[in-house]
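Novice: Let me begin by handing over the structure; questions about it come next.
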2 protein chains.
Amino acid sequence: MRFASYRLIELEILSTNKAFGGVQGVYSHASAETKTDMSFAVFVPKHQKGAKLPVLWYLSGLTCTHANVMDKGEYRRLANELGLIIICPDTSPRGDNIPDDKGYDMGQGAGFYVDATEQPWATNFRMRSYIEQELPALIAQEFPADMNRQAIFGHSMGGHGALTIALRNPGRFKSVSAFAPIVAPLQCPWGHKALGGYLGAEQSAWREYDACALIDDGARMKEILVDQGTADQFLEEQLKPNLLIEACNKADIPLTFNMREGYDHSYFTISTFMDDHLRWHAERL
Amino acid sequence: MRFASYRLIELEILSTNKAFGGVQGVYSHASAETKTDMSFAVFVPKHQKGAKLPVLWYLSGLTCTHANVMDKGEYRRLANELGLIIICPDTSPRGDNIPDDKGYDMGQGAGFYVDATEQPWATNFRMRSYIEQELPALIAQEFPADMNRQAIFGHSMGGHGALTIALRNPGRFKSVSAFAPIVAPLQCPWGHKALGGYLGAEQSAWREYDACALIDDGARMKEILVDQGTADQFLEEQLKPNLLIEACNKADIPLTFNMREGYDHSYFTISTFMDDHLRWHAERL
């Protein structure tokens, strides 16, 4: 695959810890897209010297940094067994001089994986290009990654990110899955606030950031896996998984959709079903 | 088993989340021992109604609350499979009006599982009685726990707690293990500061809070499991596992001691070897 051209800056290692036979690292770099320092976590499993390993991207939800899933996701045991590199980016640019919103659902910690076009966001909030272009180029350069074997998943806003990025880049990702994703920003309050703020009032510009709209407009994936808890407090108002079920039905996209009795929106749910998702991706990588 | 007599106060439920088929809860109660509200976490695995389950106590290290191991310990998957209740207490009383020390290694977050005799600590810092007497009585009353099947483990200061509590109560615990424990407070700076502060300068009073001294003085366990990382920054100055190896050798206590190449003092190490410890205890419960 080809990347846009970035002047690659040396990575700063914030921490590395041996875990489950591999290494969990946290890194920082100066991002050309966001014009800020960006942190991210990478788990590299035990591997033979010179080996190139498949890459699984995990995109986090509202309020999260790389650290939430690194601390609570419980992915390292099986990722090491399966030989998967796990990449956990941040969810937005951050900093005292970076625009923000008083709510938790926009601004810092809530980049929604878009390239913003509206002010004051457009300068820094370029998470689409950061995740689709800049960070992959850095990963390809700095880690033992086989960029021809990539998959992507995420939680909530990060599930939205995973679905939309995969649907827009079907050749790049062998598989996609999500925990409790936002499937239709066009049809929920989180989406209206964030996409309205980042992209402006014209909703036609939102469609490439809406999994259901992308599918309606012809985007395809071979298949999709989603796990959703029945006790999720955001289920009815924000997540609306039936919209994805309908869109996939209409488009003949095989969707494995698991409703999980009693599970909520937290990392307790994500960690419970993490192994299922890792195996799903490993089988397709 | 019998407990000291406590007037049992109703538990306040701070949170419950379904996880791995069981329920991870966080609770608070008014402690008669510490004269503060005390929080703790309990994981109850999936079980038949009316069943009584074995109990595994996890004691945390310096600076920790119940939350560190709950978030990062990765114990729920296997604890649910093995049918173990996991109890994670706090490491000290806490509060604005509770004595503290400027260091991280004494005072709040650093109770060292002792009943303090010196002021200003003696009124509240009664973590020995809290863990040995008050909290077990509460657990027996409020959870589906078989208190005839208890085991105990912990990390660092909590490994010290697990070893000393097990050695002083050999009939109560079927098994004991530790990650990177403080094995001899009499012989390390952490121990001298904390036990000196909590118990006074007379070192004979410290011996019941020192695993190696307890063994030298005749305390016995059937066997002990310890995992220790070679990259642990506290290994040489504070942890000194050779003192435990020597004490166990001399006393004919079978010690399974695993030096783990490249692992440090963090929860990345604990989570890596969590499964081994859970299986160790389950086999003995």
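Numbering starts fresh at 1 for the residues of each chain in the structure tokens, the chains themselves are lettered A, B, ... in the order given, and ligands are numbered from 1 as they appear.
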Show me, as a list in words, every residue of chain B with an atom at most 7 Å from chain A, counting only C-alpha atoms.
Specialist: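 That gives the following set of residues: Asn17, Lys18, Ala19, Phe20, Asp71, Lys72, Glu74, Gly262, Tyr263, Phe268, Thr269 and Thr272 of chain B.
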Novice: Which polymer residues have any atom within 9 Å of an atom of Asp216 (chain B), counting only C-alpha atoms, with same-chain residues fewer than 2 positions away left out, as a count of residues only?
Specialist: 10
Novice: Would you compute the distance between CA of Tyr27 (chain B) and CA of Arg260 (chain A)? Give it in Å to one decimal.
Specialist: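 Computing the Euclidean distance for CA of Tyr27 (chain B) and CA of Arg260 (chain A) yields 24.8 Å.
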Novice: Figure out the distance between CA of Cys64 (chain B) and CA of Leu167 (chain B), please, to one decimal in Å.
Specialist: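 Computing the Euclidean distance for CA of Leu167 (chain B) and CA of Cys64 (chain B) yields 23.2 Å.
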Novice: List the neighbours of Val55 (chain A) out to 8 Å using only C-alpha atoms; skip same-chain residues closer than 3 positions along the sequence, and give me the result as a PDB file with C-alpha atoms, in the first residue's frame.
Specialist:
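Written file, around.pdb:
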```pdb
ATOM      1  CA  LEU A  84      -1.121  -9.921  16.412  1.00  0.00           C
ATOM      2  CA  ILE A  85       0.271  -6.392  16.722  1.00  0.00           C
ATOM      3  CA  ILE A  86      -2.390  -4.271  18.478  1.00  0.00           C
ATOM      4  CA  ILE A  87      -2.348  -0.507  17.839  1.00  0.00           C
ATOM      5  CA  ALA A 145       4.218  -4.858  10.804  1.00  0.00           C
ATOM      6  CA  ASP A 146       2.932  -6.515   7.656  1.00  0.00           C
ATOM      7  CA  MET A 147       0.770  -3.675   6.350  1.00  0.00           C
ATOM      8  CA  ARG A 149      -2.504  -7.766   6.711  1.00  0.00           C
ATOM      9  CA  GLN A 150      -4.501  -5.153   8.614  1.00  0.00           C
ATOM     10  CA  ALA A 151      -7.795  -5.359  10.456  1.00  0.00           C
TER      11      ALA A 151
END
```
Novice: If I take CA of Trp280 (chain B) and CA of Met127 (chain B), how far is one from the other in Å, to one decimal?
Specialist: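 Those two atoms sit 25.9 Å apart.
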Novice: Could you tell me, as a PyMOL selection string, which residues of region 137-239 of chain B DSSP assigns to strand (DSSP E) when given the backbone?
Specialist: chain B and resi 145-155+173-179+224-229
Novice: Which of these, B:Ala51, B:Leu235, B:Leu163, B:Met274, has the shortest distance to Phe112 (chain B) once you count only C-alpha atoms?
Specialist: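 Between B:Ala51, B:Leu235, B:Leu163, B:Met274, the residue approaching Phe112 (chain B) most closely is B:Leu163.
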Novice: For Pro144 (chain A), which residue out of A:Leu56, A:Val44, A:Val183, A:Ala166 is the nearest one, using only C-alpha atoms?
Specialist: A:Val44
Novice: Which neighbours of Pro93 (chain B) fall inside 12 Å, counting only C-alpha atoms, when residues of the same chain fewer than 5 positions from it are skipped, and could you give them as a PyMOL selection string?
Specialist: chain B and resi 28-40+63-65+98-100+106-115+121-128+130-131
